[in-house]
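Everything below belongs to final13.cif, which stores mmCIF, C-alpha atoms and all ligand atoms.
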```cif
data_start
#
loop_
_atom_site.group_PDB
_atom_site.id
_atom_site.type_symbol
_atom_site.label_atom_id
_atom_site.label_comp_id
_atom_site.auth_asym_id
_atom_site.auth_seq_id
_atom_site.Cartn_x
_atom_site.Cartn_y
_atom_site.Cartn_z
ATOM 1 C CA MET A 1 40.498 -30.831 -75.665
ATOM 2 C CA VAL A 2 39.333 -27.334 -74.821
ATOM 3 C CA TYR A 3 41.962 -26.665 -72.153
ATOM 4 C CA ASN A 4 45.747 -26.889 -72.162
ATOM 5 C CA PRO A 5 46.648 -30.584 -71.615
ATOM 6 C CA GLN A 6 49.673 -29.434 -69.631
ATOM 7 C CA LEU A 7 47.233 -28.527 -66.871
ATOM 8 C CA GLU A 8 46.242 -32.178 -66.502
ATOM 9 C CA THR A 9 49.881 -33.228 -66.278
ATOM 10 C CA PHE A 10 50.519 -30.471 -63.760
ATOM 11 C CA ILE A 11 47.664 -31.784 -61.530
ATOM 12 C CA ARG A 12 49.042 -35.330 -61.793
ATOM 13 C CA VAL A 13 52.539 -34.235 -60.803
ATOM 14 C CA ALA A 14 51.228 -32.159 -57.903
ATOM 15 C CA ASP A 15 49.079 -35.076 -56.666
ATOM 16 C CA ALA A 16 51.850 -37.654 -57.068
ATOM 17 C CA GLY A 17 54.653 -35.436 -55.737
ATOM 18 C CA SER A 18 57.080 -36.767 -58.321
ATOM 19 C CA PHE A 19 57.684 -36.642 -62.055
ATOM 20 C CA ASN A 20 58.261 -40.386 -62.238
ATOM 21 C CA LYS A 21 54.995 -41.374 -60.591
ATOM 22 C CA ALA A 22 53.052 -38.872 -62.676
ATOM 23 C CA ALA A 23 54.697 -40.255 -65.828
ATOM 24 C CA GLU A 24 53.667 -43.772 -64.868
ATOM 25 C CA GLN A 25 50.050 -42.707 -64.398
ATOM 26 C CA SER A 26 49.969 -40.816 -67.679
ATOM 27 C CA TYR A 27 51.664 -43.614 -69.684
ATOM 28 C CA ILE A 28 54.399 -41.231 -70.905
ATOM 29 C CA THR A 29 58.086 -40.952 -70.091
ATOM 30 C CA PRO A 30 59.337 -38.856 -67.126
ATOM 31 C CA THR A 31 61.263 -36.729 -69.622
ATOM 32 C CA ALA A 32 58.049 -35.860 -71.415
ATOM 33 C CA VAL A 33 56.421 -34.922 -68.112
ATOM 34 C CA ILE A 34 59.330 -32.682 -67.113
ATOM 35 C CA LYS A 35 59.252 -31.100 -70.556
ATOM 36 C CA GLN A 36 55.536 -30.300 -70.249
ATOM 37 C CA ILE A 37 55.959 -28.758 -66.800
ATOM 38 C CA ASN A 38 58.950 -26.707 -67.972
ATOM 39 C CA LEU A 39 56.927 -25.453 -70.914
ATOM 40 C CA LEU A 40 54.037 -24.526 -68.652
ATOM 41 C CA GLU A 41 56.372 -22.693 -66.281
ATOM 42 C CA ALA A 42 57.982 -20.902 -69.197
ATOM 43 C CA ASP A 43 54.585 -19.991 -70.596
ATOM 44 C CA LEU A 44 53.336 -18.573 -67.320
ATOM 45 C CA ASP A 45 56.729 -17.191 -66.425
ATOM 46 C CA VAL A 46 56.457 -18.521 -62.844
ATOM 47 C CA LYS A 47 57.971 -21.408 -60.993
ATOM 48 C CA LEU A 48 55.313 -23.952 -60.042
ATOM 49 C CA PHE A 49 57.413 -26.573 -58.219
ATOM 50 C CA GLU A 50 60.317 -26.434 -55.789
ATOM 51 C CA ARG A 51 62.533 -29.248 -56.918
ATOM 52 C CA THR A 52 64.360 -30.460 -53.777
ATOM 53 C CA HIS A 53 66.328 -33.640 -53.278
ATOM 54 C CA ARG A 54 63.436 -34.969 -51.146
ATOM 55 C CA GLY A 55 60.896 -34.480 -53.934
ATOM 56 C CA LEU A 56 58.589 -31.885 -55.365
ATOM 57 C CA THR A 57 56.587 -29.286 -53.483
ATOM 58 C CA LEU A 58 54.247 -26.693 -54.939
ATOM 59 C CA THR A 59 55.316 -23.064 -54.813
ATOM 60 C CA LYS A 60 52.715 -20.470 -53.823
ATOM 61 C CA ALA A 61 52.025 -19.808 -57.490
ATOM 62 C CA GLY A 62 51.765 -23.563 -58.041
ATOM 63 C CA MET A 63 49.285 -23.855 -55.173
ATOM 64 C CA SER A 64 47.112 -21.132 -56.688
ATOM 65 C CA LEU A 65 47.186 -22.719 -60.128
ATOM 66 C CA TYR A 66 46.500 -26.170 -58.656
ATOM 67 C CA ASN A 67 43.069 -25.159 -57.289
ATOM 68 C CA ASP A 68 42.028 -23.221 -60.363
ATOM 69 C CA ALA A 69 43.287 -25.864 -62.790
ATOM 70 C CA LYS A 70 41.016 -28.406 -61.113
ATOM 71 C CA TYR A 71 38.059 -26.059 -61.644
ATOM 72 C CA ILE A 72 39.028 -25.360 -65.236
ATOM 73 C CA ILE A 73 39.264 -29.049 -66.071
ATOM 74 C CA SER A 74 36.011 -30.007 -64.375
ATOM 75 C CA TYR A 75 34.190 -27.005 -65.891
ATOM 76 C CA CYS A 76 35.387 -28.005 -69.352
ATOM 77 C CA ARG A 77 34.239 -31.567 -68.865
ATOM 78 C CA ASP A 78 30.897 -30.486 -67.386
ATOM 79 C CA SER A 79 30.168 -27.983 -70.121
ATOM 80 C CA VAL A 80 29.806 -30.759 -72.671
ATOM 81 C CA THR A 81 27.574 -32.922 -70.461
ATOM 82 C CA ARG A 82 25.623 -29.856 -69.361
ATOM 83 C CA TYR A 83 24.899 -28.995 -72.973
ATOM 84 C CA SER A 84 23.536 -32.426 -73.820
ATOM 85 C CA MET A 85 21.490 -32.509 -70.593
ATOM 86 C CA THR A 86 20.062 -29.076 -71.355
ATOM 87 C CA GLU A 87 19.010 -30.303 -74.783
ATOM 88 C CA THR A 88 17.318 -33.369 -73.267
ATOM 89 C CA VAL A 89 15.397 -31.273 -70.724
ATOM 90 C CA GLU A 90 14.360 -28.773 -73.400
ATOM 91 C CA THR A 91 13.052 -31.564 -75.604
ATOM 92 C CA ILE A 92 11.032 -33.055 -72.742
ATOM 93 C CA GLY A 93 9.683 -29.590 -71.958
ATOM 94 C CA LYS A 94 8.621 -28.971 -75.548
ATOM 95 C CA ARG A 95 6.830 -32.286 -75.657
ATOM 96 C CA ASN A 96 4.761 -31.153 -72.646
ATOM 97 C CA SER A 97 4.237 -27.610 -74.009
ATOM 98 C CA VAL A 98 6.580 -26.090 -71.423
ATOM 99 C CA THR A 99 9.041 -23.445 -72.571
ATOM 100 C CA ILE A 100 12.347 -23.920 -70.788
ATOM 101 C CA GLU A 101 14.802 -21.063 -70.464
ATOM 102 C CA GLU A 102 18.463 -21.510 -69.565
ATOM 103 C CA HIS A 103 19.870 -19.717 -66.578
ATOM 104 C CA TYR A 104 23.547 -20.312 -67.075
ATOM 105 C CA LEU A 105 25.613 -19.460 -63.982
ATOM 106 C CA LYS A 106 22.396 -18.397 -62.272
ATOM 107 C CA GLN A 107 21.160 -21.841 -61.396
ATOM 108 C CA ARG A 108 20.720 -21.110 -57.693
ATOM 109 C CA GLU A 109 18.924 -17.830 -58.293
ATOM 110 C CA ALA A 110 16.623 -19.459 -60.840
ATOM 111 C CA LEU A 111 15.811 -22.312 -58.457
ATOM 112 C CA ASN A 112 15.079 -19.867 -55.631
ATOM 113 C CA THR A 113 12.748 -17.932 -57.914
ATOM 114 C CA ALA A 114 10.920 -21.091 -58.924
ATOM 115 C CA LEU A 115 10.364 -22.087 -55.285
ATOM 116 C CA PRO A 116 7.049 -21.000 -53.735
ATOM 117 C CA ILE A 117 8.761 -18.693 -51.207
ATOM 118 C CA GLY A 118 8.041 -15.396 -52.880
ATOM 119 C CA VAL A 119 11.502 -14.280 -53.971
ATOM 120 C CA ARG A 120 12.481 -13.022 -57.399
ATOM 121 C CA GLN A 121 16.173 -13.368 -58.136
ATOM 122 C CA VAL A 122 16.075 -13.672 -61.926
ATOM 123 C CA GLU A 123 14.382 -11.374 -64.395
ATOM 124 C CA THR A 124 12.546 -14.081 -66.330
ATOM 125 C CA MET A 125 8.833 -13.352 -66.505
ATOM 126 C CA ARG A 126 6.209 -15.532 -68.075
ATOM 127 C CA THR A 127 2.536 -15.155 -68.809
ATOM 128 C CA MET A 128 0.357 -17.480 -66.827
ATOM 129 C CA LEU A 129 -2.900 -18.287 -68.549
ATOM 130 C CA THR A 130 -5.883 -19.613 -66.651
ATOM 131 C CA GLN A 131 -5.205 -23.209 -67.576
ATOM 132 C CA SER A 132 -1.627 -23.265 -66.313
ATOM 133 C CA LEU A 133 -2.678 -21.297 -63.243
ATOM 134 C CA ALA A 134 -5.424 -23.770 -62.414
ATOM 135 C CA VAL A 135 -2.859 -26.575 -62.331
ATOM 136 C CA LEU A 136 -1.106 -24.821 -59.440
ATOM 137 C CA MET A 137 -4.293 -24.451 -57.372
ATOM 138 C CA PRO A 138 -4.335 -27.238 -54.817
ATOM 139 C CA PHE A 139 -8.103 -27.122 -54.228
ATOM 140 C CA ASN A 140 -9.221 -26.966 -57.823
ATOM 141 C CA VAL A 141 -10.852 -30.402 -57.906
ATOM 142 C CA GLN A 142 -14.556 -30.917 -57.227
ATOM 143 C CA GLU A 143 -15.003 -34.367 -55.768
ATOM 144 C CA LEU A 144 -18.350 -36.169 -55.923
ATOM 145 C CA ASN A 145 -19.042 -38.522 -53.044
ATOM 146 C CA ASP A 146 -22.756 -38.712 -52.170
ATOM 147 C CA LYS A 147 -24.056 -41.081 -49.557
ATOM 148 C CA GLY A 148 -25.961 -44.019 -51.033
ATOM 149 C CA GLY A 149 -24.946 -43.013 -54.549
ATOM 150 C CA CYS A 150 -23.968 -44.846 -57.710
ATOM 151 C CA TYR A 151 -20.596 -45.147 -59.335
ATOM 152 C CA TYR A 152 -20.237 -42.622 -62.169
ATOM 153 C CA GLY A 153 -16.692 -43.215 -63.380
ATOM 154 C CA ILE A 154 -13.353 -41.678 -62.511
ATOM 155 C CA ASN A 155 -12.716 -37.977 -61.841
ATOM 156 C CA GLN A 156 -10.351 -36.998 -64.645
ATOM 157 C CA VAL A 157 -8.415 -34.513 -62.491
ATOM 158 C CA SER A 158 -8.017 -36.254 -59.131
ATOM 159 C CA LYS A 159 -8.381 -39.844 -60.408
ATOM 160 C CA ASN A 160 -10.787 -40.575 -57.523
ATOM 161 C CA ILE A 161 -14.093 -42.308 -58.149
ATOM 162 C CA ASN A 162 -17.305 -40.323 -58.555
ATOM 163 C CA ILE A 163 -20.206 -41.488 -56.379
ATOM 164 C CA GLY A 164 -23.358 -39.544 -57.143
ATOM 165 C CA ASN A 165 -26.909 -39.750 -55.846
ATOM 166 C CA ARG A 166 -29.576 -38.392 -58.211
ATOM 167 C CA LYS A 167 -32.118 -38.176 -55.394
ATOM 168 C CA LYS A 168 -30.070 -35.410 -53.781
ATOM 169 C CA LEU A 169 -30.505 -33.189 -56.813
ATOM 170 C CA ILE A 170 -33.406 -30.735 -57.247
ATOM 171 C CA ASN A 171 -34.221 -32.632 -60.420
ATOM 172 C CA GLY A 172 -32.751 -36.095 -60.709
ATOM 173 C CA ASN A 173 -33.776 -36.734 -64.320
ATOM 174 C CA GLY A 174 -31.084 -37.330 -66.864
ATOM 175 C CA PHE A 175 -30.243 -37.902 -70.497
ATOM 176 C CA VAL A 176 -27.383 -39.950 -71.869
ATOM 177 C CA PHE A 177 -25.902 -38.536 -75.064
ATOM 178 C CA GLY A 178 -23.140 -39.969 -77.192
ATOM 179 C CA VAL A 179 -22.081 -41.115 -80.644
ATOM 180 C CA PRO A 180 -22.910 -44.760 -81.532
ATOM 181 C CA GLY A 181 -20.672 -47.168 -79.692
ATOM 182 C CA SER A 182 -19.531 -44.602 -77.133
ATOM 183 C CA GLY A 183 -21.129 -46.588 -74.302
ATOM 184 C CA LYS A 184 -24.583 -45.094 -73.707
ATOM 185 C CA SER A 185 -26.258 -48.459 -73.188
ATOM 186 C CA PHE A 186 -23.291 -49.633 -71.174
ATOM 187 C CA PHE A 187 -23.649 -46.599 -68.912
ATOM 188 C CA CYS A 188 -27.388 -47.170 -68.393
ATOM 189 C CA LYS A 189 -26.901 -50.823 -67.612
ATOM 190 C CA MET A 190 -24.123 -49.957 -65.160
ATOM 191 C CA GLU A 191 -26.399 -47.480 -63.386
ATOM 192 C CA MET A 192 -29.216 -50.044 -63.285
ATOM 193 C CA GLY A 193 -26.819 -52.539 -61.727
ATOM 194 C CA ASN A 194 -25.802 -49.984 -59.118
ATOM 195 C CA VAL A 195 -29.418 -49.161 -58.262
ATOM 196 C CA PHE A 196 -30.394 -52.822 -58.166
ATOM 197 C CA LEU A 197 -27.547 -53.822 -55.870
ATOM 198 C CA GLY A 198 -27.464 -50.689 -53.734
ATOM 199 C CA SER A 199 -31.086 -49.767 -53.084
ATOM 200 C CA LYS A 200 -34.658 -51.021 -53.021
ATOM 201 C CA ASP A 201 -35.738 -48.721 -55.868
ATOM 202 C CA GLU A 202 -37.781 -49.969 -58.776
ATOM 203 C CA ILE A 203 -36.230 -50.034 -62.231
ATOM 204 C CA ILE A 204 -38.610 -49.654 -65.158
ATOM 205 C CA VAL A 205 -37.195 -49.925 -68.674
ATOM 206 C CA ILE A 206 -39.146 -49.125 -71.794
ATOM 207 C CA ASP A 207 -37.169 -51.013 -74.352
ATOM 208 C CA PRO A 208 -38.430 -50.875 -77.947
ATOM 209 C CA MET A 209 -35.176 -52.409 -79.285
ATOM 210 C CA ASN A 210 -35.354 -55.390 -76.910
ATOM 211 C CA GLU A 211 -31.869 -54.501 -75.698
ATOM 212 C CA TYR A 212 -32.404 -54.884 -71.957
ATOM 213 C CA PHE A 213 -33.897 -58.363 -72.006
ATOM 214 C CA ASP A 214 -30.674 -59.981 -70.807
ATOM 215 C CA ILE A 215 -30.062 -57.622 -67.911
ATOM 216 C CA ALA A 216 -33.703 -57.960 -66.793
ATOM 217 C CA HIS A 217 -33.271 -61.705 -66.899
ATOM 218 C CA THR A 218 -29.988 -61.527 -64.932
ATOM 219 C CA PHE A 219 -31.579 -59.439 -62.184
ATOM 220 C CA ASP A 220 -34.714 -61.645 -62.101
ATOM 221 C CA GLY A 221 -36.882 -58.866 -63.457
ATOM 222 C CA ALA A 222 -40.347 -59.204 -64.944
ATOM 223 C CA VAL A 223 -40.524 -58.765 -68.707
ATOM 224 C CA VAL A 224 -43.822 -57.733 -70.243
ATOM 225 C CA ASN A 225 -43.955 -57.948 -74.011
ATOM 226 C CA MET A 226 -46.412 -55.558 -75.533
ATOM 227 C CA SER A 227 -47.154 -55.381 -79.207
ATOM 228 C CA THR A 228 -49.930 -56.005 -81.663
ATOM 229 C CA TYR A 229 -48.997 -59.685 -81.788
ATOM 230 C CA THR A 230 -48.851 -60.412 -78.063
ATOM 231 C CA ASP A 231 -51.584 -61.028 -75.505
ATOM 232 C CA ASN A 232 -50.556 -58.134 -73.252
ATOM 233 C CA TYR A 233 -52.499 -54.907 -73.490
ATOM 234 C CA VAL A 234 -52.693 -51.700 -71.583
ATOM 235 C CA ASN A 235 -56.228 -50.812 -70.595
ATOM 236 C CA PRO A 236 -56.407 -47.029 -70.386
ATOM 237 C CA LEU A 237 -59.546 -47.306 -68.267
ATOM 238 C CA ASP A 238 -57.897 -49.615 -65.746
ATOM 239 C CA MET A 239 -58.842 -48.784 -62.134
ATOM 240 C CA ASP A 240 -58.670 -50.572 -58.832
ATOM 241 C CA VAL A 241 -62.425 -50.960 -58.504
ATOM 242 C CA TRP A 242 -62.289 -52.472 -55.013
ATOM 243 C CA SER A 243 -60.754 -49.437 -53.426
ATOM 244 C CA LEU A 244 -62.759 -46.932 -55.427
ATOM 245 C CA ASP A 245 -64.046 -43.969 -53.507
ATOM 246 C CA LEU A 246 -67.684 -43.374 -54.500
ATOM 247 C CA ASN A 247 -67.393 -39.674 -53.729
ATOM 248 C CA ASP A 248 -64.476 -39.680 -56.204
ATOM 249 C CA SER A 249 -62.444 -37.413 -53.949
ATOM 250 C CA LYS A 250 -59.278 -38.094 -55.967
ATOM 251 C CA GLY A 251 -61.010 -37.367 -59.242
ATOM 252 C CA MET A 252 -60.172 -40.757 -60.779
ATOM 253 C CA ILE A 253 -63.615 -41.462 -62.207
ATOM 254 C CA ARG A 254 -63.819 -37.914 -63.491
ATOM 255 C CA GLU A 255 -60.458 -38.291 -65.198
ATOM 256 C CA LYS A 256 -61.381 -41.533 -66.956
ATOM 257 C CA GLY A 257 -64.760 -40.084 -67.913
ATOM 258 C CA GLU A 258 -63.077 -37.089 -69.481
ATOM 259 C CA PHE A 259 -60.711 -39.391 -71.341
ATOM 260 C CA MET A 260 -63.639 -41.389 -72.753
ATOM 261 C CA LEU A 261 -65.458 -38.253 -73.794
ATOM 262 C CA GLY A 262 -62.257 -37.132 -75.503
ATOM 263 C CA THR A 263 -62.220 -40.233 -77.688
ATOM 264 C CA VAL A 264 -65.778 -39.735 -78.937
HETATM 265 N N1 LIG B 301 -17.086 -48.082 -69.666
HETATM 266 C C1 LIG B 301 -16.819 -49.071 -70.515
HETATM 267 N N2 LIG B 301 -15.900 -49.999 -70.209
HETATM 268 C C2 LIG B 301 -15.626 -51.019 -71.067
HETATM 269 N N3 LIG B 301 -16.252 -51.212 -72.233
HETATM 270 C C3 LIG B 301 -17.194 -50.333 -72.590
HETATM 271 C C4 LIG B 301 -17.532 -49.218 -71.756
HETATM 272 N N4 LIG B 301 -18.491 -48.506 -72.375
HETATM 273 C C5 LIG B 301 -18.729 -49.159 -73.549
HETATM 274 N N5 LIG B 301 -17.952 -50.240 -73.665
HETATM 275 C C6 LIG B 301 -17.932 -51.169 -74.824
HETATM 276 O O1 LIG B 301 -18.373 -50.482 -75.972
HETATM 277 C C7 LIG B 301 -19.408 -51.195 -76.612
HETATM 278 C C8 LIG B 301 -20.457 -50.243 -77.148
HETATM 279 O O2 LIG B 301 -21.112 -49.643 -76.066
HETATM 280 P P1 LIG B 301 -22.693 -49.388 -76.095
HETATM 281 O O3 LIG B 301 -23.103 -49.068 -74.723
HETATM 282 O O4 LIG B 301 -23.383 -50.514 -76.766
HETATM 283 O O5 LIG B 301 -22.704 -48.109 -77.012
HETATM 284 P P2 LIG B 301 -23.954 -47.193 -77.416
HETATM 285 O O6 LIG B 301 -25.156 -47.718 -76.711
HETATM 286 O O7 LIG B 301 -23.547 -45.830 -76.966
HETATM 287 O O8 LIG B 301 -24.025 -47.283 -78.903
HETATM 288 C C9 LIG B 301 -19.984 -52.105 -75.551
HETATM 289 O O9 LIG B 301 -20.327 -53.336 -76.101
HETATM 290 C C10 LIG B 301 -18.862 -52.311 -74.582
HETATM 291 O O10 LIG B 301 -18.155 -53.503 -74.891
HETATM 292 MG MG MG B 302 -26.969 -48.585 -77.346
#
```
The structure given in the file should be rewritten as C-alpha cells.
Amino acid sequence: MVYNPQLETFIRVADAGSFNKAAEQSYITPTAVIKQINLLEADLDVKLFERTHRGLTLTKAGMSLYNDAKYIISYCRDSVTRYSMTETVETIGKRNSVTIEEHYLKQREALNTALPIGVRQVETMRTMLTQSLAVLMPFNVQELNDKGGCYYGINQVSKNINIGNRKKLINGNGFVFGVPGSGKSFFCKMEMGNVFLGSKDEIIVIDPMNEYFDIAHTFDGAVVNMSTYTDNYVNPLDMDVWSLDLNDSKGMIREKGEFMLGTV
C-alpha cells in the first residue's frame, strides 16, 4: 500500500461515527481501531475526533484531513490503473504509427489543445507531414459518379462505389495492366457485362486465346472463328457494291485500288 493504512481506518471511523462500527466493517477489533486512530493523532499531533458520550464527531482538523484523505486514497488507487491504461493506449498508438505523449495533471489542457477550436494550452508540438494532414481534410476524396457509367470498384478512401463513363472522357481508350492472376480478364469481363446490361453499345472482342467464348455465349453473342483451318475469311477488298457511289466521293474505290497496287 502506497499510503498510510491508518487513513483508511480514519475514513471508516468518520463515516461510521463510531469505533465499534468501523471495527466491524474492517474485520478488526475496536481496540485495534482506537489504537490506529490514537497513533495517527499522535503522529499528526492534532486531535481528529471529539469523543463525546453521544458518539464521535470530527474536529476541524479531522474534517480537513477527511476530505484530503479521500483524495489521497483514490489518487493512489487510480495511479496504478492509470499507468496500465496509459501503457495500453501507447501500445495501440504505436501499432497505428501514432506517437502518444503523456500529459500528466494536464489532461484538460491537452484535450482542449487537441480540439479543433484553435487554443494552445500545452507546449507539445508535432510535425505534420502531408499524409497525416490529408487525413484531416474533410474534402480530400474525389468521388466518381458518372451518369450511365460502369462499376469500377470501390473508392479506397471513402468506400463508395466508383461509377465511370468512358464516353465522357476526351479519350475513352484504356489498357488493363497487372501481374498474372491479378484479375485483368475478370475486370474486362465485368466491364463487358456492365456495357451489355447498361447500354446498347456493341462489344467486339478479338480473342486469340479463346478466353471470351463463354461470356459471348452467355450474352448471346456471335462468335466468328477465323484461322487457317476454318471457313471464315476476311476479304480486304470487301465493299458494299449495291450502295457504291460511281463518282467515288468517299474515296472507297480509290482506297482499295491503292491497296491492290501496294500488293503488286
Ligand atoms: N474482383 C475480383 N473479385 C473476385 N475474384 C476475382 C476478382 N478478380 C479476379 N478474381 C479471381 O482471380 C482469378 C484470376 O483472375 P484473371 O482475371 O483470370 O487474372 P488475369 O487475367 O489478370 O491473369 C479469377 O479466376 C477470379 O476467380
Ligand atoms: Mg487473363
Open item on the list: For the PyMOL selection byres (((not hetatm)) within 10 of (chain B and resi 301)), applied here, can you spell out every residue it catches as a ChimeraX atom specification?
Closed with: /A:152-153,176-190,211
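From CA of Phe213 in chain A back to CA of Asp240 in chain A, the distance works out to 29.1 Å.
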TODO: Tell me, in Å to one decimal, how far CA of Leu7 in chain A is from CA of Tyr71 in chain A.
DONE: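 Taking CA of Leu7 in chain A and CA of Tyr71 in chain A, their separation equals 10.8 Å.
For the pair CA of Thr218 in chain A and CA of Tyr151 in chain A, the separation is 19.7 Å.
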Task: range 23-28 of chain A surroundings by only C-alpha atoms, 9 Å radius, close-in-sequence under 4 positions cut, as a ChimeraX atom specification - done: /A:9,12-13,18-19,32-34
Put those residues in a file: C-alpha atoms, as a PDB file, in the coordinates of the input.
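Resulting contents of selection26.pdb:
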```
ATOM      1  CA  THR A   9      49.881 -33.228 -66.278  1.00  0.00           C
ATOM      2  CA  ARG A  12      49.042 -35.330 -61.793  1.00  0.00           C
ATOM      3  CA  VAL A  13      52.539 -34.235 -60.803  1.00  0.00           C
ATOM      4  CA  SER A  18      57.080 -36.767 -58.321  1.00  0.00           C
ATOM      5  CA  PHE A  19      57.684 -36.642 -62.055  1.00  0.00           C
ATOM      6  CA  ALA A  32      58.049 -35.860 -71.415  1.00  0.00           C
ATOM      7  CA  VAL A  33      56.421 -34.922 -68.112  1.00  0.00           C
ATOM      8  CA  ILE A  34      59.330 -32.682 -67.113  1.00  0.00           C
TER       9      ILE A  34
END
```
Open item on the list: Which residues would end up in the selection if the PyMOL selection byres (((chain A and resi 203-209) around 10) and not hetatm) were applied here, given that I need the answer as number ranges by chain?
Closed with: A: 192-193, 195-196, 200-202, 210-213, 216, 221-227
TODO: Find the residues near range 47-49 of chain A: any atom within 8 Å, counting only C-alpha atoms, skip ones fewer than 4 places away on the same chain, and give them as a ChimeraX atom specification.
DONE: /A:41,56-63
Task: Residues returned when the PyMOL selection byres (((chain A and resi 100) around 6) and not hetatm) runs on this file, as an MDAnalysis selection string - done: chainID A and resid 90 99 101
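You can rank A:Ala69, A:Leu105, A:Met137, A:Ala110 by their closest distance to Thr124 in chain A using all atoms listed in the file, and at the top of that list sits A:Ala110.
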Starting from the incomplete input, reconstruct N, CA and C atoms of range 236-252 of chain A and write that as a tab-separated table (two decimals), in the coordinates of the input.
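This is the output file part05.tsv:
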```tsv
chain	number	residue	atom	x	y	z
A	236	PRO	N	-56.47	-48.41	-70.87
A	236	PRO	CA	-56.41	-47.03	-70.39
A	236	PRO	C	-57.48	-46.71	-69.35
A	237	LEU	N	-58.48	-47.57	-69.24
A	237	LEU	CA	-59.55	-47.31	-68.27
A	237	LEU	C	-59.35	-48.10	-66.99
A	238	ASP	N	-58.19	-48.75	-66.89
A	238	ASP	CA	-57.90	-49.62	-65.75
A	238	ASP	C	-57.98	-48.85	-64.43
A	239	MET	N	-58.73	-49.40	-63.47
A	239	MET	CA	-58.84	-48.78	-62.13
A	239	MET	C	-58.98	-49.89	-61.10
A	240	ASP	N	-58.51	-49.60	-59.91
A	240	ASP	CA	-58.67	-50.57	-58.83
A	240	ASP	C	-60.08	-50.40	-58.27
A	241	VAL	N	-61.01	-51.18	-58.84
A	241	VAL	CA	-62.42	-50.96	-58.50
A	241	VAL	C	-62.73	-51.23	-57.04
A	242	TRP	N	-61.97	-52.09	-56.39
A	242	TRP	CA	-62.29	-52.47	-55.01
A	242	TRP	C	-61.97	-51.36	-54.01
A	243	SER	N	-61.06	-50.52	-54.37
A	243	SER	CA	-60.75	-49.44	-53.43
A	243	SER	C	-61.25	-48.09	-53.95
A	244	LEU	N	-62.23	-48.18	-54.86
A	244	LEU	CA	-62.76	-46.93	-55.43
A	244	LEU	C	-63.54	-46.14	-54.38
A	245	ASP	N	-63.36	-44.88	-54.41
A	245	ASP	CA	-64.05	-43.97	-53.51
A	245	ASP	C	-65.26	-43.43	-54.26
A	246	LEU	N	-66.48	-43.74	-53.75
A	246	LEU	CA	-67.68	-43.37	-54.50
A	246	LEU	C	-67.87	-41.86	-54.60
A	247	ASN	N	-67.31	-41.15	-53.64
A	247	ASN	CA	-67.39	-39.67	-53.73
A	247	ASN	C	-66.38	-39.12	-54.74
A	248	ASP	N	-65.50	-40.03	-55.20
A	248	ASP	CA	-64.48	-39.68	-56.20
A	248	ASP	C	-63.63	-38.48	-55.75
A	249	SER	N	-63.18	-38.56	-54.49
A	249	SER	CA	-62.44	-37.41	-53.95
A	249	SER	C	-61.11	-37.20	-54.68
A	250	LYS	N	-60.56	-38.27	-55.25
A	250	LYS	CA	-59.28	-38.09	-55.97
A	250	LYS	C	-59.48	-37.76	-57.45
A	251	GLY	N	-60.72	-37.77	-57.86
A	251	GLY	CA	-61.01	-37.37	-59.24
A	251	GLY	C	-60.69	-38.43	-60.28
A	252	MET	N	-60.56	-39.70	-59.84
A	252	MET	CA	-60.17	-40.76	-60.78
A	252	MET	C	-61.26	-41.03	-61.80
```
